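> Sending over entry.txt (compact mmCIF, C-alpha atoms).
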```txt
# COMPACT_ATOMS: atom_id res chain seq x y z
CA MET A 29 0.00 0.00 0.00
CA PRO A 30 1.28 3.51 -0.72
CA PHE A 31 2.20 5.76 2.17
CA PRO A 32 -0.58 8.34 2.65
CA SER A 33 0.09 11.87 1.46
CA ILE A 34 -0.09 14.02 4.59
CA ASP A 35 1.00 17.62 5.05
CA TYR A 36 2.50 17.64 8.53
CA ARG A 37 4.45 20.89 8.16
CA PRO A 38 3.74 23.78 10.55
CA PRO A 39 1.61 26.65 9.21
CA ARG A 40 3.43 29.70 7.85
CA PRO A 41 0.66 32.19 7.15
CA ASP A 42 1.51 35.12 4.91
CA THR A 43 0.42 37.80 7.34
CA ASP A 44 0.96 41.44 8.24
CA LEU A 45 0.54 40.73 11.95
CA ARG A 46 3.53 41.89 14.00
CA ILE A 47 4.98 40.20 17.08
CA GLY A 48 6.28 41.68 20.31
CA VAL A 49 8.35 39.35 22.48
CA ILE A 50 8.32 39.65 26.28
CA GLY A 51 11.23 37.75 27.80
CA ALA A 52 14.55 37.18 26.03
CA GLY A 53 16.05 34.20 27.84
CA GLY A 54 17.72 31.14 26.39
CA ILE A 55 14.60 29.49 24.95
CA VAL A 56 13.67 32.70 23.12
CA GLN A 57 17.17 33.13 21.72
CA ASP A 58 17.60 29.47 20.76
CA ALA A 59 14.09 28.57 19.58
CA HIS A 60 11.43 31.31 19.39
CA LEU A 61 13.34 33.94 17.43
CA PRO A 62 15.21 31.50 15.13
CA ALA A 63 11.82 29.96 14.33
CA TYR A 64 10.23 33.32 13.51
CA ARG A 65 13.19 34.27 11.34
CA LYS A 66 12.98 30.96 9.46
CA ALA A 67 9.22 31.39 8.93
CA GLY A 68 9.45 35.03 7.93
CA PHE A 69 7.32 36.30 10.83
CA VAL A 70 7.85 39.97 11.68
CA VAL A 71 9.10 40.83 15.19
CA THR A 72 9.03 44.54 15.97
CA ALA A 73 9.94 44.68 19.69
CA VAL A 74 11.67 42.63 22.38
CA CYS A 75 11.58 43.12 26.15
CA ASP A 76 13.73 41.81 28.96
CA VAL A 77 14.31 43.07 32.49
CA ARG A 78 18.04 42.97 31.70
CA GLU A 79 18.63 45.89 29.36
CA ASP A 80 21.91 44.52 28.03
CA VAL A 81 20.20 41.23 27.08
CA ALA A 82 17.30 43.00 25.37
CA GLN A 83 19.70 45.16 23.37
CA ALA A 84 21.93 42.23 22.40
CA VAL A 85 18.98 40.11 21.26
CA ALA A 86 17.56 43.01 19.26
CA ARG A 87 20.87 43.42 17.44
CA ARG A 88 21.25 39.70 16.80
CA PHE A 89 17.78 39.29 15.30
CA ASP A 90 17.41 42.73 13.70
CA ILE A 91 14.51 43.74 15.97
CA PRO A 92 13.88 47.51 15.82
CA HIS A 93 12.95 48.13 19.46
CA ALA A 94 14.42 46.80 22.73
CA VAL A 95 12.88 47.74 26.10
CA THR A 96 12.81 46.61 29.74
CA ASP A 97 9.14 47.29 30.58
CA PRO A 98 6.50 44.87 29.18
CA ARG A 99 3.99 47.73 28.99
CA ALA A 100 6.24 49.43 26.45
CA VAL A 101 5.70 46.43 24.17
CA ILE A 102 2.01 45.95 24.88
CA GLU A 103 1.19 49.58 24.11
CA ARG A 104 3.07 49.78 20.81
CA ASP A 105 0.96 50.40 17.70
CA ASP A 106 3.27 48.17 15.65
CA VAL A 107 2.67 45.12 17.88
CA ASP A 108 -0.41 42.96 17.20
CA VAL A 109 0.55 39.71 18.96
CA LEU A 110 2.53 39.06 22.13
CA ASP A 111 4.90 36.15 22.69
CA VAL A 112 5.17 35.89 26.49
CA ALA A 113 8.16 33.85 27.61
CA ILE A 114 8.83 34.97 31.17
CA PRO A 115 8.68 32.80 34.30
CA ASP A 116 5.38 32.21 36.07
CA ARG A 117 5.26 35.40 38.13
CA GLY A 118 3.83 38.40 36.28
CA ARG A 119 2.04 36.52 33.52
CA LEU A 120 -1.46 37.25 34.77
CA GLU A 121 -0.79 40.99 34.83
CA ILE A 122 0.62 40.89 31.29
CA VAL A 123 -2.40 38.99 29.95
CA GLU A 124 -4.76 41.43 31.68
CA ALA A 125 -2.92 44.37 30.09
CA ALA A 126 -2.87 42.61 26.72
CA ALA A 127 -6.63 42.04 26.92
CA LYS A 128 -7.22 45.74 27.59
CA ALA A 129 -5.02 46.62 24.63
CA GLY A 130 -6.68 44.05 22.34
CA LYS A 131 -3.42 42.14 21.76
CA HIS A 132 -3.55 38.38 21.24
CA VAL A 133 -1.12 36.22 23.25
CA LEU A 134 1.07 33.15 22.81
CA ILE A 135 2.36 32.16 26.24
CA GLN A 136 5.05 29.68 27.19
CA LYS A 137 4.01 26.45 28.86
CA PRO A 138 3.20 25.81 31.65
CA LEU A 139 0.57 28.54 31.60
CA ALA A 140 1.02 28.85 35.38
CA HIS A 141 2.46 26.82 38.22
CA ASP A 142 -0.94 26.12 39.76
CA LEU A 143 -4.41 25.54 38.38
CA ASP A 144 -6.09 28.48 40.12
CA ARG A 145 -3.77 31.07 38.58
CA ALA A 146 -3.95 29.32 35.21
CA ARG A 147 -7.73 29.56 35.34
CA GLN A 148 -7.48 33.28 36.15
CA ILE A 149 -5.28 33.83 33.09
CA VAL A 150 -7.69 31.94 30.84
CA ALA A 151 -10.69 33.83 32.22
CA SER A 152 -8.93 37.18 31.76
CA ALA A 153 -8.18 36.45 28.11
CA ARG A 154 -11.74 35.27 27.40
CA ALA A 155 -13.29 38.25 29.17
CA GLY A 156 -11.06 40.59 27.17
CA GLY A 157 -11.99 38.97 23.86
CA ILE A 158 -8.41 38.08 22.89
CA LYS A 159 -7.07 34.77 21.66
CA LEU A 160 -4.77 32.95 24.10
CA ALA A 161 -2.58 30.14 22.80
CA VAL A 162 -0.19 28.06 24.91
CA ASN A 163 3.16 27.13 23.41
CA GLN A 164 2.91 23.33 23.50
CA ASN A 165 5.34 23.31 20.59
CA ALA A 166 5.94 19.54 20.63
CA ARG A 167 2.62 19.08 18.85
CA TRP A 168 4.20 20.68 15.78
CA ALA A 169 7.47 18.70 15.78
CA PRO A 170 7.57 16.79 12.46
CA GLU A 171 7.53 13.27 13.92
CA PHE A 172 4.86 14.07 16.52
CA ARG A 173 2.63 15.91 14.06
CA MET A 174 2.86 13.15 11.46
CA ALA A 175 2.03 10.55 14.13
CA LYS A 176 -1.06 12.52 15.14
CA LEU A 177 -2.30 12.91 11.58
CA LEU A 178 -1.78 9.20 10.88
CA ALA A 179 -3.79 8.33 13.99
CA ALA A 180 -6.51 10.93 13.37
CA GLY A 181 -6.85 9.80 9.75
CA GLY A 182 -7.60 6.23 10.82
CA HIS A 183 -4.39 4.83 9.29
CA LEU A 184 -3.41 3.15 12.58
CA GLY A 185 -6.88 1.83 13.39
CA GLU A 186 -7.87 2.27 17.04
CA VAL A 187 -4.96 3.52 19.12
CA TYR A 188 -4.83 1.48 22.33
CA GLN A 189 -1.33 2.04 23.77
CA ILE A 190 1.26 4.83 23.82
CA ARG A 191 4.80 4.57 25.18
CA TRP A 192 7.28 7.36 25.83
CA GLU A 193 10.79 7.10 27.25
CA MET A 194 13.33 9.89 27.70
CA ARG A 195 16.89 9.53 28.94
CA ASN A 196 18.71 12.85 29.39
CA LEU A 197 21.33 14.61 31.49
CA ALA A 198 19.89 17.97 32.56
CA ASP A 199 20.71 17.37 36.22
CA LYS A 200 24.40 17.07 35.35
CA GLN A 201 24.53 20.21 33.18
CA ALA A 202 25.34 23.61 34.64
CA TRP A 203 22.76 25.47 32.55
CA ALA A 204 19.98 23.56 34.33
CA ALA A 205 21.32 22.76 37.78
CA GLU A 206 22.55 26.32 38.37
CA SER A 207 19.57 28.12 36.80
CA TRP A 208 16.34 29.16 38.45
CA TYR A 209 14.92 25.88 37.13
CA GLY A 210 17.36 23.99 39.33
CA LYS A 211 16.11 25.69 42.48
CA GLU A 212 12.40 25.04 41.90
CA SER A 213 10.63 22.43 44.03
CA ARG A 214 8.98 21.06 40.89
CA PHE A 215 10.99 20.50 37.71
CA GLN A 216 10.69 17.37 35.61
CA ILE A 217 6.94 16.98 35.31
CA LEU A 218 6.10 20.69 35.37
CA TYR A 219 8.66 21.81 32.79
CA TRP A 220 9.64 18.74 30.71
CA SER A 221 7.16 15.91 31.10
CA ILE A 222 4.35 18.40 30.52
CA HIS A 223 5.29 18.09 26.83
CA HIS A 224 4.99 14.32 26.97
CA LEU A 225 1.73 14.27 28.93
CA ASP A 226 0.29 16.76 26.45
CA LEU A 227 1.42 14.59 23.54
CA VAL A 228 -0.39 11.60 25.01
CA ARG A 229 -3.65 13.64 25.11
CA TYR A 230 -2.96 14.87 21.58
CA TRP A 231 -2.23 11.45 20.10
CA MET A 232 -4.96 9.59 21.95
CA GLY A 233 -7.57 12.27 21.27
CA ALA A 234 -9.04 11.69 24.72
CA GLU A 235 -8.55 12.47 28.40
CA PRO A 236 -7.26 9.79 30.80
CA GLU A 237 -9.65 8.66 33.50
CA THR A 238 -6.92 7.88 36.03
CA ILE A 239 -3.24 8.66 36.46
CA TYR A 240 -0.58 7.10 38.68
CA CYS A 241 2.84 8.64 39.18
CA SER A 242 6.05 7.70 40.94
CA ILE A 243 8.87 10.22 41.47
CA PRO A 244 12.08 8.52 42.63
CA ARG A 245 14.98 10.71 43.72
CA HIS A 246 18.50 10.19 42.37
CA PRO A 247 20.83 9.81 45.37
CA GLN A 248 23.34 12.24 43.84
CA GLN A 249 21.09 14.66 42.01
CA ARG A 250 22.02 18.35 42.02
CA MET A 251 18.66 19.91 41.31
CA THR A 252 16.14 20.63 44.05
CA GLY A 253 13.02 19.28 42.37
CA ASP A 254 12.07 16.10 40.59
CA VAL A 255 14.31 14.90 37.74
CA ILE A 256 12.92 11.36 37.31
CA SER A 257 9.31 10.25 36.93
CA ALA A 258 7.13 7.36 35.82
CA VAL A 259 3.51 8.01 34.85
CA VAL A 260 0.80 5.53 33.89
CA MET A 261 -2.48 6.79 32.43
CA ASP A 262 -5.60 4.71 31.95
CA PHE A 263 -8.23 5.55 29.31
CA SER A 264 -11.55 3.83 30.08
CA GLY A 265 -9.83 0.59 31.00
CA GLN A 266 -9.22 -0.28 27.34
CA ARG A 267 -6.33 2.02 26.44
CA ASP A 268 -3.26 3.16 28.35
CA ALA A 269 -0.11 5.23 28.13
CA VAL A 270 3.22 5.04 29.95
CA VAL A 271 5.61 8.00 30.23
CA LEU A 272 9.10 7.33 31.63
CA ASP A 273 11.45 10.30 32.03
CA ASN A 274 14.97 10.32 33.44
CA ASN A 275 16.92 13.58 33.46
CA ALA A 276 19.72 12.30 35.69
CA SER A 277 21.09 9.41 33.66
CA ILE A 278 24.73 8.32 33.61
CA GLU A 279 26.95 10.36 31.32
CA GLY A 280 28.23 8.43 28.34
CA ARG A 281 24.98 6.58 27.71
CA ASP A 282 22.91 7.47 24.69
CA VAL A 283 20.42 10.29 25.08
CA HIS A 284 17.08 9.43 23.56
CA GLN A 285 13.46 10.51 23.33
CA TYR A 286 11.60 7.44 22.11
CA PHE A 287 7.88 7.16 21.44
CA GLY A 288 5.66 4.36 20.24
CA ILE A 289 1.99 4.41 19.26
CA GLU A 290 0.20 1.06 18.86
CA GLY A 291 -3.01 0.80 16.87
CA THR A 292 -5.13 -2.09 15.69
CA LYS A 293 -4.02 -1.52 12.07
CA GLY A 294 -0.58 0.02 12.42
CA ILE A 295 2.19 1.35 14.63
CA VAL A 296 4.42 4.40 14.73
CA GLU A 297 7.81 4.41 16.43
CA GLY A 298 10.39 7.15 16.58
CA ASP A 299 13.19 8.89 18.41
CA VAL A 300 13.58 12.66 18.16
CA ALA A 301 17.06 12.71 19.71
CA HIS A 302 19.99 12.50 17.30
CA PRO A 303 20.24 10.39 15.26
CA ARG A 304 16.51 10.80 14.60
CA ASP A 305 14.43 7.81 13.61
CA PHE A 306 10.85 7.44 12.41
CA LEU A 307 9.14 4.20 11.37
CA VAL A 308 5.55 3.48 10.37
CA ARG A 309 4.15 -0.01 9.86
CA PHE A 310 0.73 -0.91 8.47
CA GLY A 311 -0.16 -4.56 9.11
CA ALA A 312 2.30 -7.45 9.12
CA GLU A 313 3.51 -7.46 5.52
CA PRO A 314 7.21 -6.60 4.93
CA ASP A 315 6.34 -4.07 2.22
CA ALA A 316 4.12 -2.17 4.64
CA ILE A 317 7.08 -0.71 6.56
CA TYR A 318 7.97 2.91 5.84
CA LYS A 319 10.68 5.28 7.03
CA PRO A 320 9.58 8.60 5.54
CA ARG A 321 12.04 11.49 5.58
CA LEU A 322 10.46 14.37 7.42
CA GLU A 323 11.46 17.98 6.90
CA GLY A 324 12.39 20.14 9.86
CA GLU A 325 13.05 19.44 13.52
CA TRP A 326 11.31 20.02 16.84
CA TYR A 327 13.60 23.03 17.35
CA PRO A 328 12.81 25.41 15.65
CA ASP A 329 9.90 24.06 13.57
CA GLY A 330 7.70 23.26 16.55
CA PHE A 331 7.89 26.92 17.52
CA ILE A 332 6.96 27.96 14.00
CA GLY A 333 3.86 25.82 14.46
CA SER A 334 2.78 27.36 17.77
CA MET A 335 3.05 30.95 16.56
CA GLY A 336 1.95 30.17 13.00
CA ASP A 337 -1.22 28.50 14.25
CA LEU A 338 -2.07 31.52 16.42
CA LEU A 339 -1.45 33.97 13.57
CA GLN A 340 -3.62 31.83 11.31
CA ALA A 341 -6.31 31.56 13.98
CA ILE A 342 -6.44 35.36 14.27
CA GLU A 343 -6.85 35.78 10.53
CA GLU A 344 -9.47 33.02 10.31
CA ASP A 345 -11.20 34.10 13.54
CA ARG A 346 -11.05 30.66 15.11
CA ASP A 347 -9.53 29.21 18.27
CA PRO A 348 -5.87 28.19 18.10
CA MET A 349 -5.04 24.50 18.48
CA VAL A 350 -3.89 24.81 22.10
CA THR A 351 -6.24 27.26 23.79
CA GLY A 352 -5.91 28.15 27.43
CA GLU A 353 -8.89 25.91 28.17
CA ASP A 354 -7.27 22.97 26.37
CA HIS A 355 -4.02 23.53 28.25
CA LEU A 356 -5.87 23.39 31.58
CA ASN A 357 -6.47 19.69 30.86
CA THR A 358 -2.72 19.13 30.50
CA LEU A 359 -2.07 21.08 33.71
CA ARG A 360 -4.60 18.84 35.48
CA LEU A 361 -2.43 15.85 34.49
CA VAL A 362 0.65 17.60 35.87
CA GLU A 363 -1.03 18.41 39.17
CA ALA A 364 -2.59 14.96 39.44
CA ALA A 365 0.81 13.37 38.81
CA TYR A 366 2.41 15.28 41.67
CA ARG A 367 -0.49 14.50 44.01
CA SER A 368 -0.42 10.84 43.03
CA ALA A 369 3.30 10.61 43.76
CA ALA A 370 2.76 12.22 47.16
CA SER A 371 -0.15 9.96 48.08
CA HIS A 372 1.05 6.77 46.34
CA GLN A 373 -2.43 6.42 44.85
CA ALA A 374 -4.00 6.69 41.42
CA LEU A 375 -6.08 9.84 40.95
CA ARG A 376 -8.77 11.12 38.58
CA PRO A 377 -7.49 14.29 36.88
CA GLY A 378 -10.98 15.32 35.83
CA GLU A 379 -11.92 15.82 39.47
CA LEU A 380 -9.28 18.50 40.08
```
What's the structure tokens form of this structure?

Amino acid sequence: MPFPSIDYRPPRPDTDLRIGVIGAGGIVQDAHLPAYRKAGFVVTAVCDVREDVAQAVARRFDIPHAVTDPRAVIERDDVDVLDVAIPDRGRLEIVEAAAKAGKHVLIQKPLAHDLDRARQIVASARAGGIKLAVNQNARWAPEFRMAKLLAAGGHLGEVYQIRWEMRNLADKQAWAAESWYGKESRFQILYWSIHHLDLVRYWMGAEPETIYCSIPRHPQQRMTGDVISAVVMDFSGQRDAVVLDNNASIEGRDVHQYFGIEGTKGIVEGDVAHPRDFLVRFGAEPDAIYKPRLEGEWYPDGFIGSMGDLLQAIEEDRDPMVTGEDHLNTLRLVEAAYRSAASHQALRPGEL
């Protein structure tokens, strides 16, 4: 059988909408702005509390205006959309100001560190009539997007099991252990596994009924919060997903980010760490195995997808793929995982 023709590439709308970036840390410099440059999106202003950083980033990416006060971005006439990439504190105030100014917002995940504040942010955006998208950029990574479209198109049959396994070394790297991330009481699930839990929802097209989580602690870990986790999600007793993440593995071992999706008619397997791998199999016949070459990578193309989808949603007057309301369901999984680990019991995320 021929491999289905599927356009998995992130949207790159030809638009006059202009972007103002609030926060110019490492992820903005290494992913957001390279993605916007690659896609041809127009960035007119950048803000960071460190003036020297704002100025340096503006020079590097040819951004006309660099400021230290978010209000100076929000109030600009040549800014239509805000990319908010600051830590948790201050986001609600920025979204409230954006709503008053009629500026749409893409905000870095997690939307907030707790569900109550996340709900306040979502309510503020809705009340102000602006579109709020959450930057769950993994959904637009080539392998992950293709897997979703294969599943949604019925090419895999009924998806009944999803597996994810990450082995990484963040705990042993200075950029993480010595950053503000490294001092937070919550790390792995809130900042990294949130991608993987969101992908499970995305691929399965459903919400898990129960979740069980274990958070072991590495005896020699440097970071304050969690760096290792195991999560099991049950979907109506007929489907399940397992997410295993280890960010404190032994140096010298291979780093990988493996995923597998099992359906009644086909499977998808892949690894987005280098060297990348992507395999699709329909049925049991040898000629039904495919290894399609996919254009792009998670970084930066996933970030093109998050912003491109919001820009397209504005022009088409629709909701973006990952609305604030949709993201609340992923945050419920995060919170339920932490509570499950603390109580050693399975929980129902929908009851949070």
> Rounded to one decimal, what separation in Å do you get between atom CA of Ile190 of chain A and atom CA of Pro138 of chain A?
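Atom CA of Pro138 of chain A lies at a distance of 22.5 Å from atom CA of Ile190 of chain A.
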> Expressed in Å to a single decimal, how great is the separation between atom CA of Arg99 of chain A and atom CA of Gln148 of chain A?
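Computing it gives 19.8 Å between the two atoms.
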> Determine the nearest neighbour of Ala113 of chain A from the options A:Pro98, A:Gly53, A:Gly253, A:Pro92, counting all atoms listed in the file.
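Closest candidate: A:Gly53.
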> Segment 40-130 of chain A near segment 300-324 of chain A within 12 Å: what's each residue's closest atom pair and its distance in Å to one decimal, counting all atoms listed in the file, ordered by chain then ascending residue number, as a Markdown table?

```
| residue | atom | partner | partner_atom | distance |
| --- | --- | --- | --- | --- |
| A:Ala63 | CA | A:Gly324 | CA | 10.8 |
| A:Lys66 | CA | A:Gly324 | CA | 10.8 |
| A:Ala67 | CA | A:Gly324 | CA | 11.7 |
```
> Can you pull out the residues contacting His141 of chain A? Cut-off 10 Å, using all atoms listed in the file, and skip same-chain residues under 3 positions away; I want them as a list in words.
Pro115, Asp116, Arg117, Lys137, Pro138, Asp144, Arg145, Ala146, Arg214, Leu218, Tyr219, Leu359, Val362 and Glu363 of chain A
> Would you list the contacts of Gln57 of chain A as a PyMOL selection string, taking every protein, DNA or RNA residue within 12 Å and counting all atoms listed in the file, but skipping same-chain residues closer than 2 positions in sequence?
chain A and resi 49-55+59-65+74+76+81-82+84-89+113+327-328+331
> Rounded to one decimal in Å, what is the spacing between atom CA of Gln189 of chain A and atom CA of His372 of chain A?
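Taking atom CA of Gln189 of chain A as the start and atom CA of His372 of chain A as the end point, the length is 23.2 Å.
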> Give me the residues within 12 Å of Ile243 of chain A as a list in words, counting all atoms listed in the file and dropping any in the same chain fewer than 5 places off.
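Returned residues: Arg214, Phe215, Gln216, Ile217, Ser221, Gly253, Asp254, Val255, Ile256, Ser257, Ala258, Val259, Val271, Leu272, Asp273, Asn274, Asn275, Ala365, Tyr366, Arg367, Ser368, Ala369, Ala370, Ser371 and His372 of chain A.
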> So which residues touch Ser152 of chain A within 12 Å, counting all atoms listed in the file, skipping near sequence neighbours fewer than 4 positions away, as a list in words?
Arg119, Leu120, Glu121, Ile122, Val123, Glu124, Ala125, Ala126, Ala127, Lys128, Gly130, His132, Val133, Arg145, Ala146, Arg147, Gln148, Gly156, Gly157, Ile158, Lys159, Leu160, Gly352 and Glu353 of chain A
> Let me see the file: selected residues, C-alpha atoms, as a PDB file, in the frame of the given file.

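The result, written out as selection_11.pdb:
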```
ATOM      1  CA  ARG A 119       2.040  36.520  33.520  1.00  0.00           C
ATOM      2  CA  LEU A 120      -1.460  37.250  34.770  1.00  0.00           C
ATOM      3  CA  GLU A 121      -0.790  40.990  34.830  1.00  0.00           C
ATOM      4  CA  ILE A 122       0.620  40.890  31.290  1.00  0.00           C
ATOM      5  CA  VAL A 123      -2.400  38.990  29.950  1.00  0.00           C
ATOM      6  CA  GLU A 124      -4.760  41.430  31.680  1.00  0.00           C
ATOM      7  CA  ALA A 125      -2.920  44.370  30.090  1.00  0.00           C
ATOM      8  CA  ALA A 126      -2.870  42.610  26.720  1.00  0.00           C
ATOM      9  CA  ALA A 127      -6.630  42.040  26.920  1.00  0.00           C
ATOM     10  CA  LYS A 128      -7.220  45.740  27.590  1.00  0.00           C
ATOM     11  CA  GLY A 130      -6.680  44.050  22.340  1.00  0.00           C
ATOM     12  CA  HIS A 132      -3.550  38.380  21.240  1.00  0.00           C
ATOM     13  CA  VAL A 133      -1.120  36.220  23.250  1.00  0.00           C
ATOM     14  CA  ARG A 145      -3.770  31.070  38.580  1.00  0.00           C
ATOM     15  CA  ALA A 146      -3.950  29.320  35.210  1.00  0.00           C
ATOM     16  CA  ARG A 147      -7.730  29.560  35.340  1.00  0.00           C
ATOM     17  CA  GLN A 148      -7.480  33.280  36.150  1.00  0.00           C
ATOM     18  CA  GLY A 156     -11.060  40.590  27.170  1.00  0.00           C
ATOM     19  CA  GLY A 157     -11.990  38.970  23.860  1.00  0.00           C
ATOM     20  CA  ILE A 158      -8.410  38.080  22.890  1.00  0.00           C
ATOM     21  CA  LYS A 159      -7.070  34.770  21.660  1.00  0.00           C
ATOM     22  CA  LEU A 160      -4.770  32.950  24.100  1.00  0.00           C
ATOM     23  CA  GLY A 352      -5.910  28.150  27.430  1.00  0.00           C
ATOM     24  CA  GLU A 353      -8.890  25.910  28.170  1.00  0.00           C
TER      25      GLU A 353
END
```
> Which of these residues is nearest to Phe31 of chain A, using only C-alpha atoms: A:Arg250, A:His183, A:Arg46, A:Lys131?
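Among the listed residues, the smallest separation from Phe31 of chain A belongs to A:His183.
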> Take the point (-1.6, 33.9, 9.8) as written in the file and pick out every residue within 12 Å of it, counting all atoms listed in the file; give the list as a PyMOL selection string.
chain A and resi 38-47+67-70+108-109+332-346+348
> Smallest atom-to-atom distance to Ala276 of chain A: which of A:Ala205, A:Ile135, A:Met251, A:Leu197, using only C-alpha atoms?
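Once distances to Ala276 of chain A are computed over only C-alpha atoms, the minimum belongs to A:Leu197.
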> Would you kindly return, as a PyMOL selection string, each protein, DNA or RNA residue with an atom no farther than 6 Å from any atom of Pro377 of chain A, considering only C-alpha atoms and excluding same-chain residues fewer than 5 positions away?
chain A and resi 360-361+364
> Smallest atom-to-atom distance to Val56 of chain A: which of A:Ile114, A:Ala175, A:Ala73, A:Cys241, using all atoms listed in the file?
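Among the listed residues, A:Ile114 lies closest to Val56 of chain A.
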> Kindly reconstruct segment 217-235 of chain A with N, CA and C atoms and present the result as a PDB file, in the coordinates of the input.

```pdb
ATOM      1  N   ILE A 217       8.298  17.101  35.842  1.00  0.00           N
ATOM      2  CA  ILE A 217       6.940  16.980  35.310  1.00  0.00           C
ATOM      3  C   ILE A 217       6.398  18.328  34.873  1.00  0.00           C
ATOM      4  N   LEU A 218       6.655  19.369  35.654  1.00  0.00           N
ATOM      5  CA  LEU A 218       6.100  20.690  35.370  1.00  0.00           C
ATOM      6  C   LEU A 218       6.704  21.321  34.121  1.00  0.00           C
ATOM      7  N   TYR A 219       8.001  21.112  33.891  1.00  0.00           N
ATOM      8  CA  TYR A 219       8.660  21.810  32.790  1.00  0.00           C
ATOM      9  C   TYR A 219       8.991  20.911  31.590  1.00  0.00           C
ATOM     10  N   TRP A 220       9.253  19.617  31.815  1.00  0.00           N
ATOM     11  CA  TRP A 220       9.640  18.740  30.710  1.00  0.00           C
ATOM     12  C   TRP A 220       8.555  17.723  30.375  1.00  0.00           C
ATOM     13  N   SER A 221       8.146  16.963  31.376  1.00  0.00           N
ATOM     14  CA  SER A 221       7.160  15.910  31.100  1.00  0.00           C
ATOM     15  C   SER A 221       5.822  16.487  30.691  1.00  0.00           C
ATOM     16  N   ILE A 222       5.586  17.763  30.968  1.00  0.00           N
ATOM     17  CA  ILE A 222       4.350  18.400  30.520  1.00  0.00           C
ATOM     18  C   ILE A 222       4.200  18.284  29.004  1.00  0.00           C
ATOM     19  N   HIS A 223       5.324  18.334  28.275  1.00  0.00           N
ATOM     20  CA  HIS A 223       5.290  18.090  26.830  1.00  0.00           C
ATOM     21  C   HIS A 223       4.761  16.693  26.546  1.00  0.00           C
ATOM     22  N   HIS A 224       5.270  15.727  27.273  1.00  0.00           N
ATOM     23  CA  HIS A 224       4.990  14.320  26.970  1.00  0.00           C
ATOM     24  C   HIS A 224       3.570  13.952  27.390  1.00  0.00           C
ATOM     25  N   LEU A 225       3.116  14.488  28.515  1.00  0.00           N
ATOM     26  CA  LEU A 225       1.730  14.270  28.930  1.00  0.00           C
ATOM     27  C   LEU A 225       0.770  14.908  27.933  1.00  0.00           C
ATOM     28  N   ASP A 226       1.130  16.094  27.453  1.00  0.00           N
ATOM     29  CA  ASP A 226       0.290  16.760  26.450  1.00  0.00           C
ATOM     30  C   ASP A 226       0.252  15.966  25.151  1.00  0.00           C
ATOM     31  N   LEU A 227       1.387  15.397  24.759  1.00  0.00           N
ATOM     32  CA  LEU A 227       1.420  14.590  23.540  1.00  0.00           C
ATOM     33  C   LEU A 227       0.523  13.365  23.651  1.00  0.00           C
ATOM     34  N   VAL A 228       0.491  12.759  24.829  1.00  0.00           N
ATOM     35  CA  VAL A 228      -0.390  11.600  25.010  1.00  0.00           C
ATOM     36  C   VAL A 228      -1.845  12.003  24.771  1.00  0.00           C
ATOM     37  N   ARG A 229      -2.283  13.131  25.343  1.00  0.00           N
ATOM     38  CA  ARG A 229      -3.650  13.640  25.110  1.00  0.00           C
ATOM     39  C   ARG A 229      -3.873  13.894  23.618  1.00  0.00           C
ATOM     40  N   TYR A 230      -2.893  14.499  22.998  1.00  0.00           N
ATOM     41  CA  TYR A 230      -2.960  14.870  21.580  1.00  0.00           C
ATOM     42  C   TYR A 230      -3.087  13.636  20.699  1.00  0.00           C
ATOM     43  N   TRP A 231      -2.211  12.663  20.914  1.00  0.00           N
ATOM     44  CA  TRP A 231      -2.230  11.450  20.100  1.00  0.00           C
ATOM     45  C   TRP A 231      -3.467  10.602  20.349  1.00  0.00           C
ATOM     46  N   MET A 232      -3.836  10.458  21.621  1.00  0.00           N
ATOM     47  CA  MET A 232      -4.960   9.590  21.950  1.00  0.00           C
ATOM     48  C   MET A 232      -6.293  10.247  21.584  1.00  0.00           C
ATOM     49  N   GLY A 233      -6.328  11.576  21.558  1.00  0.00           N
ATOM     50  CA  GLY A 233      -7.570  12.270  21.270  1.00  0.00           C
ATOM     51  C   GLY A 233      -8.605  12.090  22.361  1.00  0.00           C
ATOM     52  N   ALA A 234      -8.137  11.924  23.589  1.00  0.00           N
ATOM     53  CA  ALA A 234      -9.040  11.690  24.720  1.00  0.00           C
ATOM     54  C   ALA A 234      -8.325  12.067  26.007  1.00  0.00           C
ATOM     55  N   GLU A 235      -9.105  12.147  27.088  1.00  0.00           N
ATOM     56  CA  GLU A 235      -8.550  12.470  28.400  1.00  0.00           C
ATOM     57  C   GLU A 235      -8.459  11.195  29.233  1.00  0.00           C
TER      58      GLU A 235
END
```
